[in-house]
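**Student:** Below is the file model_19.cif, with mmCIF, C-alpha atoms.
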```
data_coords
#
loop_
_atom_site.group_PDB
_atom_site.id
_atom_site.type_symbol
_atom_site.label_atom_id
_atom_site.label_comp_id
_atom_site.auth_asym_id
_atom_site.auth_seq_id
_atom_site.Cartn_x
_atom_site.Cartn_y
_atom_site.Cartn_z
ATOM 1 C CA MET A 972 20.554 -9.723 6.553
ATOM 2 C CA ASP A 973 18.813 -8.642 3.345
ATOM 3 C CA ASP A 974 22.127 -7.941 1.649
ATOM 4 C CA GLN A 975 23.350 -11.367 2.640
ATOM 5 C CA VAL A 976 20.282 -13.007 1.141
ATOM 6 C CA GLN A 977 20.651 -10.999 -2.052
ATOM 7 C CA ALA A 978 24.312 -11.991 -2.251
ATOM 8 C CA ARG A 979 23.376 -15.622 -1.697
ATOM 9 C CA ILE A 980 20.778 -15.515 -4.483
ATOM 10 C CA GLY A 981 23.280 -13.750 -6.726
ATOM 11 C CA GLY A 982 25.760 -16.511 -6.003
ATOM 12 C CA ILE A 983 23.287 -19.261 -6.925
ATOM 13 C CA VAL A 984 22.223 -17.483 -10.107
ATOM 14 C CA GLY A 985 25.822 -16.736 -11.049
ATOM 15 C CA SER A 986 27.187 -20.218 -10.527
ATOM 16 C CA ASN A 987 24.578 -22.244 -12.437
ATOM 17 C CA ASP A 988 23.750 -21.916 -16.135
ATOM 18 C CA VAL A 989 20.062 -22.593 -15.592
ATOM 19 C CA VAL A 990 18.376 -22.026 -12.231
ATOM 20 C CA LEU A 991 14.716 -22.347 -11.369
ATOM 21 C CA PHE A 992 13.433 -20.928 -8.093
ATOM 22 C CA MET A 993 10.320 -22.963 -7.437
ATOM 23 C CA LYS A 994 7.912 -24.311 -4.864
ATOM 24 C CA GLY A 995 8.822 -27.898 -4.095
ATOM 25 C CA THR A 996 11.246 -30.106 -5.982
ATOM 26 C CA PRO A 997 11.365 -31.341 -9.588
ATOM 27 C CA ILE A 998 9.911 -34.684 -8.447
ATOM 28 C CA PHE A 999 7.356 -33.157 -6.093
ATOM 29 C CA PRO A 1000 6.474 -29.657 -7.255
ATOM 30 C CA GLN A 1001 4.108 -27.992 -4.781
ATOM 31 C CA CYS A 1002 2.420 -25.706 -7.263
ATOM 32 C CA GLY A 1003 1.024 -26.118 -10.772
ATOM 33 C CA PHE A 1004 3.096 -23.267 -12.148
ATOM 34 C CA SER A 1005 6.330 -24.727 -10.785
ATOM 35 C CA SER A 1006 5.318 -28.087 -12.226
ATOM 36 C CA THR A 1007 4.810 -26.501 -15.648
ATOM 37 C CA ALA A 1008 8.221 -24.848 -15.464
ATOM 38 C CA ILE A 1009 9.913 -28.167 -14.646
ATOM 39 C CA GLN A 1010 8.168 -29.945 -17.508
ATOM 40 C CA ILE A 1011 9.374 -27.284 -19.933
ATOM 41 C CA LEU A 1012 12.985 -27.558 -18.737
ATOM 42 C CA GLU A 1013 12.815 -31.348 -18.996
ATOM 43 C CA ARG A 1014 11.421 -31.155 -22.508
ATOM 44 C CA LEU A 1015 14.264 -28.825 -23.476
ATOM 45 C CA GLY A 1016 16.685 -31.380 -22.097
ATOM 46 C CA VAL A 1017 18.947 -28.852 -20.396
ATOM 47 C CA GLU A 1018 20.843 -29.308 -17.153
ATOM 48 C CA PHE A 1019 19.270 -27.198 -14.456
ATOM 49 C CA GLU A 1020 19.484 -26.437 -10.753
ATOM 50 C CA THR A 1021 16.416 -25.793 -8.630
ATOM 51 C CA VAL A 1022 15.913 -23.915 -5.379
ATOM 52 C CA ASP A 1023 12.883 -24.807 -3.265
ATOM 53 C CA VAL A 1024 11.693 -21.499 -1.821
ATOM 54 C CA LEU A 1025 9.283 -23.282 0.517
ATOM 55 C CA ARG A 1026 12.297 -24.584 2.432
ATOM 56 C CA ASP A 1027 13.898 -21.165 2.675
ATOM 57 C CA PRO A 1028 11.655 -18.228 3.647
ATOM 58 C CA GLU A 1029 14.517 -15.734 3.268
ATOM 59 C CA VAL A 1030 15.126 -16.758 -0.314
ATOM 60 C CA ARG A 1031 11.396 -16.878 -0.950
ATOM 61 C CA ALA A 1032 11.085 -13.212 0.007
ATOM 62 C CA GLY A 1033 14.506 -12.221 -1.344
ATOM 63 C CA VAL A 1034 14.142 -13.599 -4.837
ATOM 64 C CA LYS A 1035 11.129 -11.360 -5.412
ATOM 65 C CA ILE A 1036 13.297 -8.345 -4.673
ATOM 66 C CA PHE A 1037 16.285 -9.728 -6.555
ATOM 67 C CA SER A 1038 14.504 -9.626 -9.901
ATOM 68 C CA ASP A 1039 11.718 -7.159 -9.094
ATOM 69 C CA TRP A 1040 9.259 -9.960 -9.839
ATOM 70 C CA PRO A 1041 6.540 -10.808 -7.317
ATOM 71 C CA THR A 1042 5.965 -14.478 -8.054
ATOM 72 C CA VAL A 1043 7.627 -17.893 -8.129
ATOM 73 C CA PRO A 1044 8.667 -19.843 -10.241
ATOM 74 C CA GLN A 1045 11.458 -17.724 -11.667
ATOM 75 C CA LEU A 1046 13.871 -18.875 -14.355
ATOM 76 C CA TYR A 1047 17.427 -17.579 -14.758
ATOM 77 C CA VAL A 1048 19.697 -18.497 -17.658
ATOM 78 C CA LYS A 1049 23.385 -17.570 -17.460
ATOM 79 C CA GLY A 1050 22.672 -15.063 -14.747
ATOM 80 C CA GLU A 1051 19.826 -13.376 -16.584
ATOM 81 C CA PHE A 1052 16.199 -13.344 -15.432
ATOM 82 C CA VAL A 1053 13.975 -14.857 -18.125
ATOM 83 C CA GLY A 1054 10.545 -14.852 -16.499
ATOM 84 C CA GLY A 1055 7.906 -16.917 -14.757
ATOM 85 C CA SER A 1056 5.977 -19.940 -15.988
ATOM 86 C CA ASP A 1057 3.698 -18.131 -18.439
ATOM 87 C CA ILE A 1058 6.633 -16.411 -20.139
ATOM 88 C CA MET A 1059 8.463 -19.748 -20.190
ATOM 89 C CA MET A 1060 5.445 -21.399 -21.809
ATOM 90 C CA GLU A 1061 5.073 -18.688 -24.456
ATOM 91 C CA MET A 1062 8.793 -18.817 -25.246
ATOM 92 C CA PHE A 1063 8.800 -22.621 -25.281
ATOM 93 C CA GLN A 1064 5.888 -22.783 -27.695
ATOM 94 C CA SER A 1065 7.403 -20.214 -30.034
ATOM 95 C CA GLY A 1066 10.814 -21.908 -29.980
ATOM 96 C CA GLU A 1067 12.474 -18.870 -28.376
ATOM 97 C CA LEU A 1068 13.430 -20.728 -25.215
ATOM 98 C CA GLU A 1069 15.217 -23.449 -27.179
ATOM 99 C CA GLU A 1070 16.949 -20.689 -29.142
ATOM 100 C CA LEU A 1071 17.974 -18.918 -25.940
ATOM 101 C CA MET A 1072 19.483 -22.120 -24.521
ATOM 102 C CA THR A 1073 21.401 -22.702 -27.746
ATOM 103 C CA ASP A 1074 22.557 -19.080 -28.031
ATOM 104 C CA LYS A 1075 23.790 -19.117 -24.461
ATOM 105 C CA ALA A 1076 25.494 -22.491 -25.004
ATOM 106 C CA VAL A 1077 23.687 -24.093 -22.080
ATOM 107 C CA ALA A 1078 24.784 -27.647 -21.263
ATOM 108 C CA ARG A 1079 22.330 -30.376 -22.222
ATOM 109 C CA ALA A 1080 21.413 -33.084 -19.760
ATOM 110 C CA ALA A 1081 23.317 -36.313 -20.299
ATOM 111 C CA MET B 469 -17.499 -11.331 -11.618
ATOM 112 C CA GLY B 470 -16.307 -11.136 -8.033
ATOM 113 C CA ALA B 471 -15.103 -8.096 -6.150
ATOM 114 C CA ARG B 472 -11.438 -8.924 -6.484
ATOM 115 C CA ALA B 473 -11.666 -9.485 -10.229
ATOM 116 C CA ASP B 474 -13.459 -6.139 -10.497
ATOM 117 C CA GLU B 475 -10.642 -4.473 -8.588
ATOM 118 C CA ILE B 476 -8.037 -6.050 -10.872
ATOM 119 C CA GLU B 477 -9.937 -4.770 -13.878
ATOM 120 C CA ARG B 478 -10.323 -1.292 -12.419
ATOM 121 C CA ARG B 479 -6.611 -0.930 -11.675
ATOM 122 C CA LEU B 480 -5.515 -2.221 -15.078
ATOM 123 C CA VAL B 481 -7.906 0.109 -16.894
ATOM 124 C CA ALA B 482 -6.626 3.061 -14.874
ATOM 125 C CA ALA B 483 -2.936 2.265 -15.374
ATOM 126 C CA LEU B 484 -2.720 0.824 -18.891
ATOM 127 C CA ALA B 485 -5.770 2.091 -20.810
ATOM 128 C CA PRO B 486 -6.233 -1.308 -22.459
ATOM 129 C CA ALA B 487 -7.790 -1.704 -25.902
ATOM 130 C CA SER B 488 -9.157 -4.993 -24.609
ATOM 131 C CA LEU B 489 -9.116 -6.697 -21.250
ATOM 132 C CA THR B 490 -10.392 -9.992 -19.900
ATOM 133 C CA VAL B 491 -10.003 -11.027 -16.278
ATOM 134 C CA ILE B 492 -10.756 -14.688 -15.604
ATOM 135 C CA ASP B 493 -11.110 -16.125 -12.113
ATOM 136 C CA ASP B 494 -9.373 -19.528 -12.158
ATOM 137 C CA SER B 495 -9.668 -20.053 -8.421
ATOM 138 C CA ASP B 496 -11.954 -23.058 -8.676
ATOM 139 C CA ASP B 497 -9.216 -24.972 -10.502
ATOM 140 C CA HIS B 498 -6.976 -24.601 -7.476
ATOM 141 C CA SER B 499 -9.282 -25.196 -4.532
ATOM 142 C CA GLY B 500 -7.748 -27.282 -1.818
ATOM 143 C CA HIS B 501 -4.105 -26.804 -2.706
ATOM 144 C CA ALA B 502 -1.605 -24.823 -0.684
ATOM 145 C CA GLY B 503 -2.045 -21.126 -1.251
ATOM 146 C CA HIS B 504 -5.746 -21.277 -1.920
ATOM 147 C CA SER B 505 -7.321 -18.902 0.532
ATOM 148 C CA GLY B 506 -10.536 -20.817 0.772
ATOM 149 C CA GLU B 507 -12.339 -17.511 0.270
ATOM 150 C CA GLY B 508 -12.792 -17.930 -3.424
ATOM 151 C CA GLU B 509 -10.926 -15.499 -5.588
ATOM 152 C CA SER B 510 -7.165 -16.054 -5.541
ATOM 153 C CA HIS B 511 -6.031 -17.288 -8.976
ATOM 154 C CA PHE B 512 -6.594 -15.213 -12.072
ATOM 155 C CA THR B 513 -5.757 -15.001 -15.745
ATOM 156 C CA VAL B 514 -5.466 -11.556 -17.301
ATOM 157 C CA ARG B 515 -5.631 -11.109 -21.072
ATOM 158 C CA ILE B 516 -4.740 -7.557 -21.903
ATOM 159 C CA VAL B 517 -4.030 -5.626 -25.076
ATOM 160 C CA SER B 518 -2.576 -2.156 -24.651
ATOM 161 C CA ASP B 519 -0.545 0.381 -26.622
ATOM 162 C CA ALA B 520 1.608 0.630 -23.511
ATOM 163 C CA PHE B 521 3.152 -2.758 -24.382
ATOM 164 C CA ALA B 522 4.394 -1.803 -27.867
ATOM 165 C CA GLY B 523 8.117 -2.468 -28.145
ATOM 166 C CA GLN B 524 8.306 -3.905 -24.623
ATOM 167 C CA SER B 525 9.741 -7.284 -23.665
ATOM 168 C CA ARG B 526 7.540 -9.921 -22.046
ATOM 169 C CA VAL B 527 9.201 -9.299 -18.706
ATOM 170 C CA ALA B 528 8.593 -5.549 -18.966
ATOM 171 C CA ARG B 529 4.930 -6.124 -19.865
ATOM 172 C CA SER B 530 4.351 -8.398 -16.907
ATOM 173 C CA ARG B 531 6.151 -5.970 -14.597
ATOM 174 C CA ALA B 532 3.819 -3.206 -15.814
ATOM 175 C CA VAL B 533 0.815 -5.391 -14.981
ATOM 176 C CA TYR B 534 2.221 -6.288 -11.556
ATOM 177 C CA ALA B 535 2.988 -2.614 -10.881
ATOM 178 C CA ALA B 536 -0.565 -1.622 -11.812
ATOM 179 C CA LEU B 537 -1.977 -4.213 -9.420
ATOM 180 C CA GLY B 538 0.333 -3.121 -6.609
ATOM 181 C CA ASP B 539 -0.739 -4.436 -3.223
ATOM 182 C CA LEU B 540 -3.324 -6.767 -4.740
ATOM 183 C CA ILE B 541 -0.407 -9.098 -5.475
ATOM 184 C CA ALA B 542 -0.075 -10.735 -2.085
ATOM 185 C CA PRO B 543 -0.377 -14.353 -0.981
ATOM 186 C CA ASP B 544 -3.697 -13.735 0.740
ATOM 187 C CA ARG B 545 -5.185 -11.653 -2.081
ATOM 188 C CA VAL B 546 -4.061 -12.506 -5.603
ATOM 189 C CA HIS B 547 -1.994 -15.627 -5.070
ATOM 190 C CA ALA B 548 -1.316 -16.401 -8.701
ATOM 191 C CA LEU B 549 -1.709 -14.530 -11.924
ATOM 192 C CA VAL B 550 -1.303 -15.722 -15.492
ATOM 193 C CA ILE B 551 -0.571 -12.754 -17.724
ATOM 194 C CA GLU B 552 -1.118 -12.670 -21.474
ATOM 195 C CA ALA B 553 -0.057 -9.190 -22.492
ATOM 196 C CA HIS B 554 0.044 -7.986 -26.074
ATOM 197 C CA ALA B 555 0.287 -4.777 -28.022
ATOM 198 C CA PRO B 556 -2.455 -4.077 -30.590
ATOM 199 C CA GLY B 557 -1.874 -6.029 -33.795
ATOM 200 C CA GLU B 558 0.055 -8.863 -32.178
ATOM 201 C CA ALA B 559 -1.306 -12.387 -32.066
#
```
Let me see whether you can do it: turn the structure in this file into structure tokens.
**Tutor:**
Amino acid sequence: MDDQVQARIGGIVGSNDVVLFMKGTPIFPQCGFSSTAIQILERLGVEFETVDVLRDPEVRAGVKIFSDWPTVPQLYVKGEFVGGSDIMMEMFQSGELEELMTDKAVARAA
Amino acid sequence: MGARADEIERRLVAALAPASLTVIDDSDDHSGHAGHSGEGESHFTVRIVSDAFAGQSRVARSRAVYAALGDLIAPDRVHALVIEAHAPGEA
């Protein structure tokens, strides 16, 4: 079962340029940190996919193992783990996150 | 400072020999929302400066902090942690 969950997470991360595992949805985030992460992605104007871990206990537990990171939200860009909301905020403020999105040729939202 | 904040501080000092360390209990800002234990201490900010972080990425620094805290990082203990980790001489 665990392997299946890991494979499922790998599939989600691998098939979307920008993925945020979060609590709640972009419109109704269920946690301040997830809300912060969404606001940053919206400000960057990139296309992104979200996964609501509150609706999927297996993914909620599995994503912590997947990236060896004990908390949610978690941001992945082009298959690579970037960090949680405080790392996102630091990188957003310094311009590094914008740079990362540009370097990785991430699609911008229409 | 509360018992849990003291424990966070003790573990970080033991693992990372910080040059400076501040542990802030943010729990009051989160009372009433899902994940708040209702017992007080659950949300924290850690500001830590340590030689151990020199040359490390942000992700590696945070992982070192999480590793030092070990089983304290659990939904019913430390629910959320903001980490500001720097090496000496950084902003």
**Student:** Which residues, written as a PyMOL selection string, have at least one atom at most 7 Å from range 511-526 of chain B, with all atoms listed in the file counted and residues fewer than 2 positions away on the same chain left out?
**Tutor:** (chain A and resi 1058) or (chain B and resi 484-495+509+528-530+546-556)
**Student:** Write the selection just made, keeping C-alpha atoms, as a short mmCIF file (atom, residue, chain, number, x, y, z; two decimals), keeping the file's coordinate frame?
**Tutor:**
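Okay, this is what ended up in part_12.cif:
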```
data_model
loop_
_atom_site.label_atom_id
_atom_site.label_comp_id
_atom_site.auth_asym_id
_atom_site.auth_seq_id
_atom_site.Cartn_x
_atom_site.Cartn_y
_atom_site.Cartn_z
CA ILE A 1058 6.63 -16.41 -20.14
CA LEU B 484 -2.72 0.82 -18.89
CA ALA B 485 -5.77 2.09 -20.81
CA PRO B 486 -6.23 -1.31 -22.46
CA ALA B 487 -7.79 -1.70 -25.90
CA SER B 488 -9.16 -4.99 -24.61
CA LEU B 489 -9.12 -6.70 -21.25
CA THR B 490 -10.39 -9.99 -19.90
CA VAL B 491 -10.00 -11.03 -16.28
CA ILE B 492 -10.76 -14.69 -15.60
CA ASP B 493 -11.11 -16.12 -12.11
CA ASP B 494 -9.37 -19.53 -12.16
CA SER B 495 -9.67 -20.05 -8.42
CA GLU B 509 -10.93 -15.50 -5.59
CA ALA B 528 8.59 -5.55 -18.97
CA ARG B 529 4.93 -6.12 -19.86
CA SER B 530 4.35 -8.40 -16.91
CA VAL B 546 -4.06 -12.51 -5.60
CA HIS B 547 -1.99 -15.63 -5.07
CA ALA B 548 -1.32 -16.40 -8.70
CA LEU B 549 -1.71 -14.53 -11.92
CA VAL B 550 -1.30 -15.72 -15.49
CA ILE B 551 -0.57 -12.75 -17.72
CA GLU B 552 -1.12 -12.67 -21.47
CA ALA B 553 -0.06 -9.19 -22.49
CA HIS B 554 0.04 -7.99 -26.07
CA ALA B 555 0.29 -4.78 -28.02
CA PRO B 556 -2.46 -4.08 -30.59
#
```
**Student:** Nearest to chain B: which of A:Ala978, A:Leu1046, A:Val1053, A:Ala1032 is it, counting only C-alpha atoms?
**Tutor:**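 Among the listed residues, the smallest separation from chain B belongs to A:Val1053.
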**Student:** Should the cut-off be 9 Å, what would the residue list for chain A against chain B look like, counting only C-alpha atoms, as a list in words?
**Tutor:** Gln1001, Cys1002, Gly1003, Phe1004, Asp1039, Trp1040, Pro1041, Thr1042, Phe1052, Val1053, Gly1054, Gly1055, Ser1056, Asp1057 and Ile1058 of chain A
**Student:** Exactly which residues make up the result of the PyMOL selection byres ((chain A and resi 1021) around 12) on this file, given as a PyMOL selection string?
**Tutor:** chain A and resi 980+983-984+987-1000+1005-1006+1008-1009+1012+1018-1020+1022-1026+1043-1047
**Student:** Please produce a file of the residues just selected, as a PDB file, in the frame of the given file, where the atoms kept are C-alpha atoms.
**Tutor:**
```pdb
ATOM      1  CA  ILE A 980      20.778 -15.515  -4.483  1.00  0.00           C
ATOM      2  CA  ILE A 983      23.287 -19.261  -6.925  1.00  0.00           C
ATOM      3  CA  VAL A 984      22.223 -17.483 -10.107  1.00  0.00           C
ATOM      4  CA  ASN A 987      24.578 -22.244 -12.437  1.00  0.00           C
ATOM      5  CA  ASP A 988      23.750 -21.916 -16.135  1.00  0.00           C
ATOM      6  CA  VAL A 989      20.062 -22.593 -15.592  1.00  0.00           C
ATOM      7  CA  VAL A 990      18.376 -22.026 -12.231  1.00  0.00           C
ATOM      8  CA  LEU A 991      14.716 -22.347 -11.369  1.00  0.00           C
ATOM      9  CA  PHE A 992      13.433 -20.928  -8.093  1.00  0.00           C
ATOM     10  CA  MET A 993      10.320 -22.963  -7.437  1.00  0.00           C
ATOM     11  CA  LYS A 994       7.912 -24.311  -4.864  1.00  0.00           C
ATOM     12  CA  GLY A 995       8.822 -27.898  -4.095  1.00  0.00           C
ATOM     13  CA  THR A 996      11.246 -30.106  -5.982  1.00  0.00           C
ATOM     14  CA  PRO A 997      11.365 -31.341  -9.588  1.00  0.00           C
ATOM     15  CA  ILE A 998       9.911 -34.684  -8.447  1.00  0.00           C
ATOM     16  CA  PHE A 999       7.356 -33.157  -6.093  1.00  0.00           C
ATOM     17  CA  PRO A1000       6.474 -29.657  -7.255  1.00  0.00           C
ATOM     18  CA  SER A1005       6.330 -24.727 -10.785  1.00  0.00           C
ATOM     19  CA  SER A1006       5.318 -28.087 -12.226  1.00  0.00           C
ATOM     20  CA  ALA A1008       8.221 -24.848 -15.464  1.00  0.00           C
ATOM     21  CA  ILE A1009       9.913 -28.167 -14.646  1.00  0.00           C
ATOM     22  CA  LEU A1012      12.985 -27.558 -18.737  1.00  0.00           C
ATOM     23  CA  GLU A1018      20.843 -29.308 -17.153  1.00  0.00           C
ATOM     24  CA  PHE A1019      19.270 -27.198 -14.456  1.00  0.00           C
ATOM     25  CA  GLU A1020      19.484 -26.437 -10.753  1.00  0.00           C
ATOM     26  CA  VAL A1022      15.913 -23.915  -5.379  1.00  0.00           C
ATOM     27  CA  ASP A1023      12.883 -24.807  -3.265  1.00  0.00           C
ATOM     28  CA  VAL A1024      11.693 -21.499  -1.821  1.00  0.00           C
ATOM     29  CA  LEU A1025       9.283 -23.282   0.517  1.00  0.00           C
ATOM     30  CA  ARG A1026      12.297 -24.584   2.432  1.00  0.00           C
ATOM     31  CA  VAL A1043       7.627 -17.893  -8.129  1.00  0.00           C
ATOM     32  CA  PRO A1044       8.667 -19.843 -10.241  1.00  0.00           C
ATOM     33  CA  GLN A1045      11.458 -17.724 -11.667  1.00  0.00           C
ATOM     34  CA  LEU A1046      13.871 -18.875 -14.355  1.00  0.00           C
ATOM     35  CA  TYR A1047      17.427 -17.579 -14.758  1.00  0.00           C
TER      36      TYR A1047
END
```
**Student:** State, in Å with one decimal place, the distance from CA of Gly1016 in chain A to CA of Ser1065 in chain A.
**Tutor:**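 Computing it gives 16.5 Å between the two atoms.
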**Student:** At what distance in Å, to one decimal, does CA of Val1017 in chain A lie from CA of Ala1080 in chain A?
**Tutor:**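 According to the coordinates, CA of Ala1080 in chain A and CA of Val1017 in chain A are separated by 4.9 Å.
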**Student:** Return as JSON the centre and edge lengths, in Å with one decimal, of the box along x, y and z that encloses every atom of range 534-553 of chain B in the file, padded by 6 Å per side.
**Tutor:**
```
{"center_x": -1.1, "center_y": -9.0, "center_z": -10.9, "size_x": 20.2, "size_y": 26.8, "size_z": 35.2}
```
**Student:** Please indicate the distance in Å from CA of Glu1029 in chain A to CA of Ser986 in chain A, rounded to one decimal place.
**Tutor:**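 About the pair CA of Glu1029 in chain A and CA of Ser986 in chain A: they are 19.3 Å apart.
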**Student:** With all atoms listed in the file as the basis for distance, which of B:Asp496, B:Ser510, B:Arg472, B:Val481 is at the shortest distance from Asp544 in chain B?
**Tutor:**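 Nearest candidate to Asp544 in chain B out of B:Asp496, B:Ser510, B:Arg472, B:Val481: B:Ser510.
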**Student:** What lies within 10 Å of Arg478 in chain B using only C-alpha atoms, ignoring chain neighbours under 5 positions off, as a list in words?
**Tutor:** Arg472, Ala473, Ala483, Ala536 and Leu537 of chain B
**Student:** How about completing range 514-537 of chain B with N, CA and C atoms and giving it to me as a short mmCIF file (atom, residue, chain, number, x, y, z; two decimals), in the frame of the given file?
**Tutor:**
```
data_model
loop_
_atom_site.label_atom_id
_atom_site.label_comp_id
_atom_site.auth_asym_id
_atom_site.auth_seq_id
_atom_site.Cartn_x
_atom_site.Cartn_y
_atom_site.Cartn_z
N VAL B 514 -5.19 -12.87 -16.71
CA VAL B 514 -5.47 -11.56 -17.30
C VAL B 514 -5.04 -11.58 -18.76
N ARG B 515 -5.96 -11.29 -19.65
CA ARG B 515 -5.63 -11.11 -21.07
C ARG B 515 -5.79 -9.63 -21.37
N ILE B 516 -4.70 -9.00 -21.76
CA ILE B 516 -4.74 -7.56 -21.90
C ILE B 516 -4.01 -7.13 -23.17
N VAL B 517 -4.65 -6.22 -23.90
CA VAL B 517 -4.03 -5.63 -25.08
C VAL B 517 -3.95 -4.13 -24.82
N SER B 518 -2.74 -3.58 -24.93
CA SER B 518 -2.58 -2.16 -24.65
C SER B 518 -1.44 -1.58 -25.50
N ASP B 519 -1.62 -0.34 -25.93
CA ASP B 519 -0.55 0.38 -26.62
C ASP B 519 0.70 0.49 -25.75
N ALA B 520 0.48 0.47 -24.44
CA ALA B 520 1.61 0.63 -23.51
C ALA B 520 2.64 -0.48 -23.67
N PHE B 521 2.24 -1.62 -24.28
CA PHE B 521 3.15 -2.76 -24.38
C PHE B 521 3.99 -2.74 -25.66
N ALA B 522 3.68 -1.82 -26.58
CA ALA B 522 4.39 -1.80 -27.87
C ALA B 522 5.89 -1.66 -27.63
N GLY B 523 6.67 -2.54 -28.24
CA GLY B 523 8.12 -2.47 -28.14
C GLY B 523 8.68 -2.93 -26.81
N GLN B 524 7.82 -3.46 -25.93
CA GLN B 524 8.31 -3.90 -24.62
C GLN B 524 8.52 -5.42 -24.61
N SER B 525 9.50 -5.85 -23.84
CA SER B 525 9.74 -7.28 -23.66
C SER B 525 8.61 -7.90 -22.84
N ARG B 526 8.56 -9.23 -22.85
CA ARG B 526 7.54 -9.92 -22.05
C ARG B 526 7.70 -9.60 -20.57
N VAL B 527 8.96 -9.58 -20.13
CA VAL B 527 9.20 -9.30 -18.71
C VAL B 527 8.71 -7.89 -18.36
N ALA B 528 9.01 -6.94 -19.22
CA ALA B 528 8.59 -5.55 -18.97
C ALA B 528 7.06 -5.44 -18.95
N ARG B 529 6.40 -6.16 -19.83
CA ARG B 529 4.93 -6.12 -19.86
C ARG B 529 4.35 -6.67 -18.57
N SER B 530 4.87 -7.81 -18.14
CA SER B 530 4.35 -8.40 -16.91
C SER B 530 4.63 -7.49 -15.72
N ARG B 531 5.84 -6.88 -15.71
CA ARG B 531 6.15 -5.97 -14.60
C ARG B 531 5.17 -4.80 -14.57
N ALA B 532 4.77 -4.31 -15.76
CA ALA B 532 3.82 -3.21 -15.81
C ALA B 532 2.47 -3.64 -15.23
N VAL B 533 2.07 -4.88 -15.53
CA VAL B 533 0.82 -5.39 -14.98
C VAL B 533 0.92 -5.55 -13.47
N TYR B 534 2.04 -6.13 -13.00
CA TYR B 534 2.22 -6.29 -11.56
C TYR B 534 2.24 -4.92 -10.86
N ALA B 535 2.90 -3.95 -11.49
CA ALA B 535 2.99 -2.61 -10.88
C ALA B 535 1.60 -2.00 -10.78
N ALA B 536 0.79 -2.19 -11.82
CA ALA B 536 -0.56 -1.62 -11.81
C ALA B 536 -1.41 -2.25 -10.70
N LEU B 537 -1.16 -3.52 -10.43
CA LEU B 537 -1.98 -4.21 -9.42
C LEU B 537 -1.47 -3.95 -8.01
#
```
